[in-house]
file input-v5.txt (compact mmCIF, C-alpha atoms)
# COMPACT_ATOMS: atom_id res chain seq x y z
CA MET A 1 119.35 -139.25 -36.70
CA SER A 2 122.18 -137.76 -38.68
CA SER A 3 125.35 -135.70 -38.55
CA LEU A 4 123.78 -133.47 -41.22
CA ASN A 5 122.26 -130.42 -39.54
CA LEU A 6 119.53 -128.98 -41.77
CA ASP A 7 119.13 -125.99 -39.46
CA ASP A 8 122.34 -124.61 -40.94
CA PHE A 9 120.47 -123.76 -44.14
CA THR A 10 118.46 -121.11 -42.32
CA ASP A 11 121.63 -119.10 -41.77
CA LEU A 12 123.28 -119.96 -45.08
CA ILE A 13 120.39 -118.95 -47.35
CA GLU A 14 119.87 -115.25 -47.99
CA ARG A 15 117.05 -113.68 -49.95
CA PRO A 16 117.76 -112.34 -53.45
CA ASP A 17 119.14 -108.80 -53.22
CA GLY A 18 116.25 -106.48 -52.31
CA GLY A 19 118.22 -103.34 -53.09
CA VAL A 20 119.01 -104.61 -56.58
CA ARG A 21 115.37 -105.48 -57.11
CA ARG A 22 114.36 -101.91 -56.25
CA ASP A 23 116.97 -100.64 -58.71
CA ALA A 24 115.53 -102.98 -61.36
CA GLU A 25 112.03 -101.67 -60.63
CA ALA A 26 113.26 -98.09 -60.95
CA ARG A 27 114.95 -98.89 -64.26
CA ARG A 28 111.73 -100.52 -65.50
CA GLU A 29 109.78 -97.35 -64.70
CA ARG A 30 112.14 -95.37 -66.94
CA GLN A 31 111.78 -97.62 -69.98
CA ILE A 32 109.70 -96.66 -72.99
CA VAL A 33 106.99 -99.31 -72.41
CA PRO A 34 104.87 -98.36 -69.38
CA PRO A 35 105.29 -100.54 -66.27
CA GLY A 36 102.63 -103.24 -66.20
CA ALA A 37 102.26 -103.36 -69.97
CA LEU A 38 104.35 -106.53 -70.10
CA GLY A 39 102.43 -108.25 -67.31
CA ARG A 40 104.35 -110.85 -65.33
CA LEU A 41 107.41 -110.37 -67.52
CA ASP A 42 108.18 -107.24 -65.50
CA GLU A 43 108.11 -109.26 -62.28
CA LEU A 44 110.25 -112.03 -63.80
CA GLY A 45 112.89 -109.60 -64.99
CA GLU A 46 113.08 -107.94 -61.59
CA TRP A 47 113.23 -111.31 -59.79
CA LEU A 48 116.06 -112.45 -62.02
CA ALA A 49 117.96 -109.18 -61.52
CA ALA A 50 117.74 -109.65 -57.75
CA ALA A 51 118.87 -113.28 -58.05
CA GLN A 52 121.85 -112.22 -60.18
CA SER A 53 122.47 -109.08 -58.11
CA ALA A 54 122.80 -107.23 -61.43
CA VAL A 55 121.08 -104.26 -63.10
CA PRO A 56 120.56 -104.45 -65.99
CA VAL A 57 119.81 -108.15 -65.70
CA ARG A 58 122.15 -110.50 -67.54
CA PRO A 59 120.76 -112.89 -70.18
CA VAL A 60 120.21 -116.52 -69.17
CA GLU A 61 122.88 -118.15 -71.33
CA ARG A 62 123.81 -121.37 -69.53
CA PRO A 63 120.61 -123.06 -68.34
CA ARG A 64 120.58 -126.77 -67.53
CA ALA A 65 117.80 -129.31 -67.00
CA VAL A 66 118.61 -131.57 -64.05
CA LEU A 67 116.45 -134.68 -63.59
CA PHE A 68 116.69 -136.91 -60.54
CA ALA A 69 115.61 -140.49 -61.19
CA GLY A 70 114.31 -143.27 -58.98
CA ASP A 71 111.90 -146.17 -58.63
CA HIS A 72 109.41 -146.37 -55.78
CA LYS A 73 108.26 -149.76 -54.51
CA ILE A 74 104.82 -148.32 -53.76
CA ALA A 75 104.19 -148.69 -57.52
CA GLU A 76 103.80 -152.43 -56.88
CA LEU A 77 100.33 -151.61 -55.51
CA GLY A 78 99.14 -150.51 -58.95
CA VAL A 79 99.15 -146.78 -58.21
CA SER A 80 100.86 -145.90 -61.49
CA ALA A 81 100.02 -146.52 -65.13
CA ARG A 82 103.62 -147.62 -65.60
CA PRO A 83 104.98 -150.92 -64.27
CA ALA A 84 106.87 -150.89 -60.98
CA GLY A 85 110.58 -150.57 -61.62
CA GLY A 86 110.04 -148.99 -65.02
CA ALA A 87 111.83 -145.69 -64.47
CA GLY A 88 115.09 -147.06 -65.85
CA GLU A 89 113.48 -147.48 -69.26
CA LEU A 90 112.25 -143.89 -69.12
CA VAL A 91 115.77 -142.72 -68.32
CA ARG A 92 117.15 -144.59 -71.32
CA GLU A 93 114.52 -142.95 -73.53
CA VAL A 94 115.50 -139.53 -72.19
CA LEU A 95 119.17 -140.22 -72.89
CA GLU A 96 118.37 -141.51 -76.39
CA GLY A 97 116.41 -138.35 -77.16
CA GLY A 98 112.93 -139.84 -77.39
CA ARG A 99 111.09 -138.19 -74.51
CA PRO A 100 109.32 -134.79 -74.57
CA VAL A 101 112.01 -133.28 -72.35
CA SER A 102 114.64 -134.45 -74.85
CA VAL A 103 112.83 -132.84 -77.78
CA LEU A 104 112.31 -129.55 -75.95
CA ALA A 105 115.88 -129.49 -74.70
CA ARG A 106 117.20 -129.96 -78.24
CA ARG A 107 114.93 -127.22 -79.52
CA LEU A 108 116.05 -124.81 -76.81
CA GLY A 109 119.70 -125.83 -76.79
CA VAL A 110 119.58 -126.85 -73.12
CA PRO A 111 121.79 -129.70 -71.84
CA VAL A 112 119.97 -132.39 -69.85
CA ARG A 113 121.59 -134.06 -66.86
CA VAL A 114 120.04 -137.23 -65.41
CA VAL A 115 121.06 -138.33 -61.91
CA ASP A 116 120.16 -141.89 -60.92
CA MET A 117 119.43 -142.06 -57.20
CA SER A 118 117.46 -145.30 -56.86
CA LEU A 119 116.56 -146.85 -60.20
CA ASP A 120 115.60 -150.52 -60.05
CA CYS A 121 118.00 -151.62 -62.77
CA ASP A 122 121.59 -152.68 -63.18
CA PRO A 123 123.77 -149.57 -62.84
CA GLU A 124 126.06 -151.01 -65.51
CA SER A 125 123.23 -150.50 -68.03
CA LEU A 126 123.52 -146.73 -67.59
CA PRO A 127 126.34 -144.29 -68.35
CA ALA A 128 128.71 -143.81 -65.42
CA GLU A 129 127.87 -140.11 -65.16
CA VAL A 130 124.19 -141.02 -64.66
CA ALA A 131 124.61 -143.81 -62.09
CA GLY A 132 127.50 -142.27 -60.15
CA HIS A 133 125.37 -140.91 -57.29
CA ARG A 134 123.06 -143.91 -56.80
CA VAL A 135 122.20 -144.59 -53.15
CA ARG A 136 120.27 -147.84 -53.49
CA ARG A 137 118.31 -149.95 -55.95
CA GLY A 138 114.64 -149.01 -55.61
CA GLY A 139 113.03 -147.71 -52.44
CA GLY A 140 111.01 -149.15 -49.58
CA ARG A 141 107.22 -149.50 -49.89
CA ILE A 142 106.26 -146.40 -47.95
CA ASP A 143 102.84 -147.57 -46.80
CA VAL A 144 104.45 -150.29 -44.64
CA GLU A 145 108.18 -149.51 -44.44
CA ASP A 146 110.64 -146.65 -44.69
CA ALA A 147 111.77 -145.58 -48.14
CA LEU A 148 115.39 -145.23 -46.93
CA THR A 149 117.58 -145.92 -43.96
CA ALA A 150 118.93 -142.93 -42.06
CA GLU A 151 122.34 -143.40 -43.68
CA GLU A 152 120.83 -143.64 -47.17
CA ALA A 153 118.77 -140.49 -46.59
CA GLU A 154 121.83 -138.51 -45.59
CA ALA A 155 123.79 -139.87 -48.56
CA ALA A 156 120.97 -138.92 -50.95
CA PHE A 157 120.61 -135.44 -49.47
CA ARG A 158 124.35 -134.84 -49.71
CA ALA A 159 124.35 -136.14 -53.29
CA GLY A 160 121.76 -133.53 -54.20
CA MET A 161 123.87 -130.84 -52.57
CA ALA A 162 126.93 -132.05 -54.47
CA VAL A 163 125.10 -131.88 -57.80
CA ALA A 164 124.01 -128.30 -57.01
CA ASP A 165 127.60 -127.37 -56.25
CA GLU A 166 128.80 -129.01 -59.47
CA GLU A 167 126.29 -127.02 -61.50
CA ALA A 168 127.12 -123.73 -59.79
CA ASP A 169 130.84 -124.34 -60.23
CA ALA A 170 130.31 -125.14 -63.92
CA GLY A 171 128.64 -121.76 -64.48
CA THR A 172 125.03 -122.92 -64.81
CA ASP A 173 122.99 -119.74 -64.42
CA LEU A 174 119.52 -121.29 -64.12
CA VAL A 175 118.27 -124.84 -63.50
CA VAL A 176 115.10 -126.55 -64.65
CA LEU A 177 114.46 -129.23 -62.02
CA GLY A 178 112.46 -132.37 -62.78
CA ASP A 179 112.21 -136.05 -61.98
CA VAL A 180 112.08 -139.35 -63.83
CA SER A 181 110.28 -141.80 -61.59
CA VAL A 182 107.61 -144.45 -61.27
CA GLY A 183 105.63 -144.00 -58.07
CA GLY A 184 107.18 -140.60 -57.41
CA THR A 185 103.90 -138.69 -57.50
CA THR A 186 102.57 -140.97 -54.76
CA ALA A 187 105.52 -140.16 -52.50
CA ALA A 188 105.11 -136.48 -53.39
CA GLY A 189 101.43 -136.63 -52.43
CA VAL A 190 102.33 -138.02 -49.01
CA LEU A 191 104.83 -135.22 -48.38
CA VAL A 192 102.39 -132.50 -49.42
CA ALA A 193 99.52 -133.94 -47.39
CA ALA A 194 101.74 -134.32 -44.33
CA LEU A 195 103.17 -130.81 -44.53
CA CYS A 196 99.86 -129.12 -45.35
CA GLY A 197 97.82 -131.11 -42.84
CA THR A 198 95.33 -132.42 -45.41
CA ASP A 199 93.74 -135.78 -46.18
CA ALA A 200 95.01 -138.14 -48.86
CA SER A 201 92.08 -137.50 -51.21
CA VAL A 202 92.93 -133.78 -51.35
CA VAL A 203 96.37 -134.40 -52.90
CA THR A 204 95.86 -137.58 -54.94
CA GLY A 205 96.15 -136.92 -58.65
CA ARG A 206 96.24 -139.03 -61.79
CA GLY A 207 99.99 -138.98 -62.34
CA GLY A 208 102.07 -138.29 -65.44
CA LEU A 209 100.53 -141.12 -67.47
CA PRO A 210 96.91 -140.78 -66.28
CA ILE A 211 95.47 -143.64 -64.23
CA ASP A 212 91.89 -144.90 -64.17
CA ASP A 213 89.46 -144.59 -61.27
CA LEU A 214 90.40 -147.92 -59.66
CA ALA A 215 94.09 -147.05 -59.74
CA TRP A 216 93.27 -143.62 -58.31
CA MET A 217 91.51 -145.28 -55.37
CA ARG A 218 94.51 -147.56 -54.80
CA LYS A 219 96.79 -144.53 -54.93
CA CYS A 220 94.61 -142.64 -52.48
CA ALA A 221 94.68 -145.59 -50.06
CA ALA A 222 98.46 -145.89 -50.39
CA ILE A 223 98.93 -142.18 -49.63
CA ARG A 224 96.55 -142.48 -46.67
CA ASP A 225 98.51 -145.40 -45.21
CA ALA A 226 101.88 -143.73 -45.81
CA LEU A 227 100.54 -140.53 -44.30
CA ARG A 228 99.96 -142.33 -41.01
CA ARG A 229 103.66 -143.18 -40.98
CA ALA A 230 104.71 -139.65 -42.00
CA ARG A 231 102.84 -137.61 -39.39
CA PRO A 232 104.86 -138.76 -36.35
CA VAL A 233 108.14 -137.58 -37.95
CA LEU A 234 107.00 -134.17 -39.26
CA GLY A 235 109.40 -132.33 -36.96
CA ASP A 236 112.48 -133.86 -38.61
CA GLN A 237 112.57 -133.14 -42.34
CA LEU A 238 115.38 -135.57 -43.15
CA ARG A 239 113.63 -138.32 -41.26
CA LEU A 240 110.40 -137.46 -43.08
CA LEU A 241 112.16 -137.88 -46.42
CA ALA A 242 113.67 -141.19 -45.26
CA THR A 243 110.27 -142.43 -44.11
CA VAL A 244 108.11 -141.56 -47.12
CA GLY A 245 110.21 -139.67 -49.68
CA GLY A 246 112.78 -141.87 -51.34
CA ALA A 247 116.28 -141.23 -52.58
CA ASP A 248 115.31 -139.13 -55.61
CA LEU A 249 113.03 -136.79 -53.64
CA THR A 250 115.58 -136.53 -50.84
CA ALA A 251 118.30 -135.62 -53.32
CA MET A 252 116.04 -133.05 -54.99
CA THR A 253 115.41 -131.39 -51.64
CA GLY A 254 119.13 -131.18 -50.92
CA PHE A 255 119.68 -129.88 -54.45
CA LEU A 256 117.08 -127.12 -54.06
CA LEU A 257 118.45 -125.93 -50.74
CA GLN A 258 122.05 -125.91 -51.92
CA CYS A 259 121.05 -124.04 -55.09
CA ALA A 260 119.59 -121.37 -52.81
CA VAL A 261 122.84 -121.29 -50.84
CA ARG A 262 124.79 -120.90 -54.10
CA LYS A 263 122.30 -118.27 -55.38
CA THR A 264 121.36 -120.37 -58.41
CA PRO A 265 117.74 -119.78 -59.49
CA VAL A 266 115.60 -122.86 -60.16
CA ILE A 267 112.47 -123.45 -62.23
CA LEU A 268 110.31 -126.15 -60.63
CA ASP A 269 108.58 -128.63 -62.93
CA GLY A 270 105.66 -130.63 -61.53
CA VAL A 271 104.25 -132.10 -58.34
CA VAL A 272 107.42 -133.97 -57.35
CA SER A 273 109.69 -130.92 -57.47
CA ALA A 274 106.95 -128.86 -55.77
CA ALA A 275 106.74 -131.38 -52.92
CA CYS A 276 110.51 -131.28 -52.46
CA ALA A 277 110.40 -127.48 -52.50
CA LEU A 278 107.76 -127.60 -49.77
CA VAL A 279 110.07 -129.70 -47.61
CA GLY A 280 112.84 -127.23 -48.39
CA GLN A 281 110.65 -124.35 -47.24
CA ARG A 282 110.19 -126.11 -43.90
CA VAL A 283 113.98 -126.31 -43.59
CA ALA A 284 114.75 -122.70 -44.64
CA PHE A 285 111.89 -120.22 -45.01
CA ARG A 286 113.85 -117.91 -47.36
CA ALA A 287 114.67 -120.66 -49.87
CA PRO A 288 111.50 -120.39 -52.04
CA ASP A 289 112.56 -116.86 -53.05
CA TRP A 290 115.07 -118.58 -55.36
CA TRP A 291 112.49 -120.75 -57.12
CA LEU A 292 109.90 -120.26 -59.86
CA ALA A 293 106.86 -122.45 -60.53
CA SER A 294 106.86 -123.24 -64.24
CA HIS A 295 103.36 -124.52 -64.92
CA ASP A 296 100.12 -125.87 -63.53
CA SER A 297 100.20 -129.61 -64.17
CA GLY A 298 96.68 -130.17 -62.88
CA GLU A 299 97.97 -132.30 -60.00
CA PRO A 300 96.12 -131.27 -56.81
CA GLY A 301 99.21 -131.91 -54.69
CA GLN A 302 101.22 -129.48 -56.80
CA ALA A 303 98.56 -126.79 -56.47
CA LYS A 304 98.47 -127.28 -52.70
CA ALA A 305 102.26 -127.07 -52.36
CA LEU A 306 102.62 -124.00 -54.58
CA ASP A 307 99.84 -122.21 -52.75
CA ARG A 308 101.55 -122.89 -49.43
CA MET A 309 104.79 -121.38 -50.80
CA ALA A 310 102.98 -118.47 -52.51
CA LEU A 311 104.41 -119.48 -55.90
CA GLU A 312 102.21 -118.79 -58.93
CA PRO A 313 102.74 -120.97 -62.03
CA LEU A 314 103.87 -119.15 -65.15
CA LEU A 315 101.96 -121.37 -67.59
CA SER A 316 98.83 -123.51 -67.69
CA GLN A 317 98.99 -125.88 -70.62
CA GLY A 318 97.79 -129.11 -68.99
CA VAL A 319 101.21 -130.78 -69.34
CA THR A 320 101.29 -133.84 -67.08
CA VAL A 321 104.24 -135.76 -68.53
CA GLY A 322 106.75 -134.53 -65.92
CA GLU A 323 110.48 -135.10 -66.54
CA GLY A 324 111.13 -131.35 -66.68
CA ALA A 325 109.04 -130.79 -69.84
CA GLY A 326 106.81 -128.15 -68.25
CA GLY A 327 109.84 -126.44 -66.75
CA LEU A 328 111.50 -126.20 -70.15
CA LEU A 329 108.34 -124.71 -71.64
CA ALA A 330 108.61 -121.87 -69.12
CA LEU A 331 112.30 -121.24 -69.75
CA PRO A 332 111.85 -119.07 -72.90
CA LEU A 333 109.46 -116.88 -70.94
CA VAL A 334 112.13 -116.24 -68.32
CA GLN A 335 114.73 -115.59 -71.02
CA ALA A 336 112.37 -113.20 -72.78
CA ALA A 337 111.79 -111.31 -69.52
CA ALA A 338 115.55 -110.93 -69.06
CA SER A 339 116.01 -109.64 -72.61
CA LEU A 340 113.18 -107.11 -72.30
CA ALA A 341 114.40 -105.85 -68.95
CA ALA A 342 117.95 -105.42 -70.24
CA GLU A 343 117.40 -104.19 -73.80
CA LEU A 344 114.35 -101.94 -73.83
CA PRO A 345 115.60 -98.35 -74.07
CA GLU A 346 114.81 -95.79 -71.43
CA SER A 347 112.56 -92.86 -72.19
CA PRO A 348 114.49 -89.68 -73.00
CA ALA A 349 114.76 -87.26 -70.12
CA PRO A 350 112.40 -84.28 -70.44
CA LYS A 351 114.05 -81.19 -71.89
CA GLU A 352 114.76 -78.29 -69.61
CA PRO A 353 112.51 -75.29 -70.42
CA ALA A 354 114.30 -72.48 -72.24
CA PRO A 355 115.18 -69.55 -69.97
CA ALA A 356 112.90 -66.54 -70.19
CA GLU A 357 114.27 -63.62 -72.24

call {"tool": "encode", "arguments": {"input": "input-v5.txt", "output": "C-alpha cells"}}
result
Amino acid sequence: MSSLNLDDFTDLIERPDGGVRRDAEARRERQIVPPGALGRLDELGEWLAAAQSAVPVRPVERPRAVLFAGDHKIAELGVSARPAGGAGELVREVLEGGRPVSVLARRLGVPVRVVDMSLDCDPESLPAEVAGHRVRRGGGRIDVEDALTAEEAEAAFRAGMAVADEEADAGTDLVVLGDVSVGGTTAAGVLVAALCGTDASVVTGRGGLPIDDLAWMRKCAAIRDALRRARPVLGDQLRLLATVGGADLTAMTGFLLQCAVRKTPVILDGVVSAACALVGQRVAFRAPDWWLASHDSGEPGQAKALDRMALEPLLSQGVTVGEGAGGLLALPLVQAAASLAAELPESPAPKEPAPAE
C-alpha cells in the first residue's frame, strides 16, 4: 500500500533505560522518606529518570501541548453533540484562549501547538503554522467509505512524524498529546473495537460534549458499520488508519511512534490519543513504555485501550472535554514526581561503631 514501512519502528524504538531505572530505584531507597510513602509518585519519578537516562532525574522544564485537529464526516449521522464540520470553530477558540486547554496551559505556562490535519474549513482562516500540515479537507464517512486514500494516509503519518521531530529538535522534554475534532471519538471507538476484538456497544461512549440516548444509538450503529470495514484490514495498521481513522488520528499515531524513537515522553489525553496509542502498540510493542495515561475520561473505549496497553490513568476527575485538558491536569503531578525524586535528601549513612578500647 505504501513506501512507508511501519515494521522499521520495531527496531528503531528502544525501551527506556532499565539500568538507569534501577539506579533511580536505589536512590529512592536511600532518601529520607520511605519508599512507597509517596505512592505512584515514586513510580513516576523512576519512569521519567529512565526516559531521560538520568539520575537524579531532571526537572520537566519545556513541556508542550500538541493537539491534532480534524473533522470527521461520520458526524453527519448525528453521532456528536457538535455539528459536523465544527472542529474549525473549536480550534479558533483554542487559539483565542477560550477553551479549557487554553486556560490550563496559561496557568501552567505550557505552550499549545495546534496542527490542522483535516479541518473542514478554509485553511486561509487559520494561521499558517496551524494549517501547514493539512492533508485534506474533512474525512470520508467511515461507515461507507475510507477516511483517507493510501497517499493521504502516508502523508498524514509522515506529518505526525515530522511534528515529533520538530518538537524533539526544539528541546521539548515532555508532550501532552490531545485532539480537537468532531466525530473523532467515533473513529477512535472503531479502532479500539477492531484491535481489541470487541463489539461496538462495548466501546461506544458519550463523547466530549455528552450526547443523548438516541445519538448514542446512532453512534453505536455507525461504529458497528465501520467496524465491518475495519476488520478485513487489521493486519496493515496504515491501511486500518486510512480505512477508519482519519488524517488527525493517523498523524497522532505517527507522532507517538516517532516520539518513542526520539525518546520523548508523552502524556496521553483521552480516548482519541489512547486509540492511536493502541495502533502504535500494534506497530511497535515497546512504544507504550514511553507513554503515560493522564486520566480516566469515563469513555469505555479509552478504558479498553489503556487496559490492553497496561497503562493506568494518573487521575480520575471525570473530565470529558478532551483537547488535552486532562493531560495538562496530570502534568503537575509528573513535575512534582521529578522534583521529589531529585531534591529529597538521602538519609545519612550509619556511623561506624567506635573501636573497642

call {"tool": "residues_near_point", "arguments": {"input": "input-v5.txt", "point": "(117.3, -144.8, -44.6)", "cutoff": "12 Å", "atoms": "all atoms listed in the file", "output": "mmCIF file with C-alpha atoms, keeping the file's coordinate frame"}}
result
data_model
loop_
_atom_site.group_PDB
_atom_site.id
_atom_site.type_symbol
_atom_site.label_atom_id
_atom_site.label_comp_id
_atom_site.auth_asym_id
_atom_site.auth_seq_id
_atom_site.Cartn_x
_atom_site.Cartn_y
_atom_site.Cartn_z
ATOM 1 C CA MET A 1 119.350 -139.250 -36.700
ATOM 2 C CA SER A 2 122.180 -137.760 -38.680
ATOM 3 C CA VAL A 135 122.200 -144.590 -53.150
ATOM 4 C CA ARG A 136 120.270 -147.840 -53.490
ATOM 5 C CA GLY A 139 113.030 -147.710 -52.440
ATOM 6 C CA GLY A 140 111.010 -149.150 -49.580
ATOM 7 C CA ILE A 142 106.260 -146.400 -47.950
ATOM 8 C CA GLU A 145 108.180 -149.510 -44.440
ATOM 9 C CA ASP A 146 110.640 -146.650 -44.690
ATOM 10 C CA ALA A 147 111.770 -145.580 -48.140
ATOM 11 C CA LEU A 148 115.390 -145.230 -46.930
ATOM 12 C CA THR A 149 117.580 -145.920 -43.960
ATOM 13 C CA ALA A 150 118.930 -142.930 -42.060
ATOM 14 C CA GLU A 151 122.340 -143.400 -43.680
ATOM 15 C CA GLU A 152 120.830 -143.640 -47.170
ATOM 16 C CA ALA A 153 118.770 -140.490 -46.590
ATOM 17 C CA GLU A 154 121.830 -138.510 -45.590
ATOM 18 C CA ALA A 155 123.790 -139.870 -48.560
ATOM 19 C CA ALA A 156 120.970 -138.920 -50.950
ATOM 20 C CA PHE A 157 120.610 -135.440 -49.470
ATOM 21 C CA LEU A 238 115.380 -135.570 -43.150
ATOM 22 C CA ARG A 239 113.630 -138.320 -41.260
ATOM 23 C CA LEU A 240 110.400 -137.460 -43.080
ATOM 24 C CA LEU A 241 112.160 -137.880 -46.420
ATOM 25 C CA ALA A 242 113.670 -141.190 -45.260
ATOM 26 C CA THR A 243 110.270 -142.430 -44.110
ATOM 27 C CA VAL A 244 108.110 -141.560 -47.120
ATOM 28 C CA GLY A 245 110.210 -139.670 -49.680
ATOM 29 C CA GLY A 246 112.780 -141.870 -51.340
ATOM 30 C CA ALA A 247 116.280 -141.230 -52.580
ATOM 31 C CA THR A 250 115.580 -136.530 -50.840
#

call {"tool": "atom_distance", "arguments": {"input": "input-v5.txt", "atom1": "atom CA of A:Asp165", "atom2": "atom CA of A:Thr264"}}
result
9.6 Å

call {"tool": "residues_around", "arguments": {"input": "input-v5.txt", "residues": "A:Ala159", "least_positions_apart": "4", "cutoff": "8 Å", "atoms": "all atoms listed in the file", "output": "PyMOL selection string"}}
result
chain A and resi 133+155+163+251+254-255

call {"tool": "residues_around", "arguments": {"input": "input-v5.txt", "residues": "A:Glu312", "least_positions_apart": "5", "cutoff": "9 Å", "atoms": "all atoms listed in the file", "output": "MDAnalysis selection string"}}
result
chainID A and resid 292:296 306:307

call {"tool": "closest_residue", "arguments": {"input": "input-v5.txt", "among": "A:Thr10, A:Ser181, A:Thr204, A:Ser102", "to": "A:Leu119", "atoms": "only C-alpha atoms"}}
result
A:Ser181

call {"tool": "axis_aligned_box", "arguments": {"input": "input-v5.txt", "around": "stretch 173-186 of chain A", "padding_each_side": "6 Å", "output": "lines of an AutoDock Vina configuration file"}}
result
center_x = 112.8
center_y = -132.1
center_z = -59.7
size_x = 32.4
size_y = 36.7
size_z = 21.9

call {"tool": "closest_residue", "arguments": {"input": "input-v5.txt", "among": "A:Leu311, A:Leu329, A:Leu214, A:Val271", "to": "A:Trp290", "atoms": "all atoms listed in the file"}}
result
A:Leu311

call {"tool": "closest_residue", "arguments": {"input": "input-v5.txt", "among": "A:Leu257, A:Val192, A:Met252, A:Ala341", "to": "A:Asp116", "atoms": "all atoms listed in the file"}}
result
A:Met252

call {"tool": "closest_atom_pairs", "arguments": {"input": "input-v5.txt", "of": "stretch 164-213 of chain A", "to": "stretch 219-234 of chain A", "cutoff": "12 Å", "atoms": "only C-alpha atoms", "output": "JSON lines"}}
result
{"residue": "A:Gly183", "atom": "CA", "partner": "A:Lys219", "partner_atom": "CA", "distance": 9.4}
{"residue": "A:Gly184", "atom": "CA", "partner": "A:Lys219", "partner_atom": "CA", "distance": 11.4}
{"residue": "A:Thr185", "atom": "CA", "partner": "A:Lys219", "partner_atom": "CA", "distance": 9.6}
{"residue": "A:Thr186", "atom": "CA", "partner": "A:Ile223", "partner_atom": "CA", "distance": 6.4}
{"residue": "A:Ala187", "atom": "CA", "partner": "A:Ile223", "partner_atom": "CA", "distance": 7.5}
{"residue": "A:Ala188", "atom": "CA", "partner": "A:Ile223", "partner_atom": "CA", "distance": 9.2}
{"residue": "A:Gly189", "atom": "CA", "partner": "A:Ile223", "partner_atom": "CA", "distance": 6.7}
{"residue": "A:Val190", "atom": "CA", "partner": "A:Ile223", "partner_atom": "CA", "distance": 5.4}
{"residue": "A:Leu191", "atom": "CA", "partner": "A:Ala230", "partner_atom": "CA", "distance": 7.8}
{"residue": "A:Val192", "atom": "CA", "partner": "A:Leu227", "partner_atom": "CA", "distance": 9.7}
{"residue": "A:Ala193", "atom": "CA", "partner": "A:Leu227", "partner_atom": "CA", "distance": 7.3}
{"residue": "A:Ala194", "atom": "CA", "partner": "A:Arg231", "partner_atom": "CA", "distance": 6.0}
{"residue": "A:Leu195", "atom": "CA", "partner": "A:Leu234", "partner_atom": "CA", "distance": 7.3}
{"residue": "A:Cys196", "atom": "CA", "partner": "A:Leu234", "partner_atom": "CA", "distance": 10.7}
{"residue": "A:Gly197", "atom": "CA", "partner": "A:Arg231", "partner_atom": "CA", "distance": 8.9}
{"residue": "A:Thr198", "atom": "CA", "partner": "A:Leu227", "partner_atom": "CA", "distance": 9.7}
{"residue": "A:Asp199", "atom": "CA", "partner": "A:Arg224", "partner_atom": "CA", "distance": 7.3}
{"residue": "A:Ala200", "atom": "CA", "partner": "A:Arg224", "partner_atom": "CA", "distance": 5.1}
{"residue": "A:Ser201", "atom": "CA", "partner": "A:Cys220", "partner_atom": "CA", "distance": 5.9}
{"residue": "A:Val202", "atom": "CA", "partner": "A:Cys220", "partner_atom": "CA", "distance": 9.1}
{"residue": "A:Val203", "atom": "CA", "partner": "A:Cys220", "partner_atom": "CA", "distance": 8.4}
{"residue": "A:Thr204", "atom": "CA", "partner": "A:Cys220", "partner_atom": "CA", "distance": 5.8}
{"residue": "A:Gly205", "atom": "CA", "partner": "A:Lys219", "partner_atom": "CA", "distance": 8.5}
{"residue": "A:Arg206", "atom": "CA", "partner": "A:Lys219", "partner_atom": "CA", "distance": 8.8}
{"residue": "A:Gly207", "atom": "CA", "partner": "A:Lys219", "partner_atom": "CA", "distance": 9.8}
{"residue": "A:Pro210", "atom": "CA", "partner": "A:Lys219", "partner_atom": "CA", "distance": 12.0}
{"residue": "A:Ile211", "atom": "CA", "partner": "A:Lys219", "partner_atom": "CA", "distance": 9.4}
{"residue": "A:Asp212", "atom": "CA", "partner": "A:Lys219", "partner_atom": "CA", "distance": 10.5}
{"residue": "A:Asp213", "atom": "CA", "partner": "A:Lys219", "partner_atom": "CA", "distance": 9.7}

call {"tool": "atom_distance", "arguments": {"input": "input-v5.txt", "atom1": "atom CA of A:Asp179", "atom2": "atom CA of A:Pro127"}}
result
17.6 Å

call {"tool": "closest_residue", "arguments": {"input": "input-v5.txt", "among": "A:Leu41, A:Ile74, A:Ala51, A:Ala162", "to": "A:Arg218", "atoms": "all atoms listed in the file"}}
result
A:Ile74

call {"tool": "decode", "arguments": {"input": "input-v5.txt", "residues": "stretch 83-105 of chain A", "atoms": "C-alpha atoms", "output": "CSV table (one decimal), in the first residue's frame"}}
result
chain,number,residue,atom,x,y,z
A,83,PRO,CA,-22.4,20.0,14.2
A,84,ALA,CA,-20.4,18.2,11.5
A,85,GLY,CA,-17.5,20.3,10.4
A,86,GLY,CA,-17.4,22.2,13.6
A,87,ALA,CA,-13.9,21.5,14.7
A,88,GLY,CA,-12.5,24.6,13.0
A,89,GLU,CA,-14.5,26.8,15.4
A,90,LEU,CA,-13.1,24.8,18.3
A,91,VAL,CA,-9.6,25.4,17.0
A,92,ARG,CA,-10.2,29.1,16.8
A,93,GLU,CA,-11.4,29.1,20.4
A,94,VAL,CA,-8.3,27.3,21.5
A,95,LEU,CA,-6.1,29.8,19.7
A,96,GLU,CA,-8.0,32.7,21.1
A,97,GLY,CA,-7.6,31.3,24.6
A,98,GLY,CA,-11.2,30.4,25.4
A,99,ARG,CA,-11.1,26.7,25.8
A,100,PRO,CA,-10.3,24.7,29.0
A,101,VAL,CA,-7.0,23.6,27.5
A,102,SER,CA,-6.1,27.3,26.8
A,103,VAL,CA,-6.9,28.3,30.4
A,104,LEU,CA,-4.9,25.4,31.9
A,105,ALA,CA,-2.0,26.0,29.6
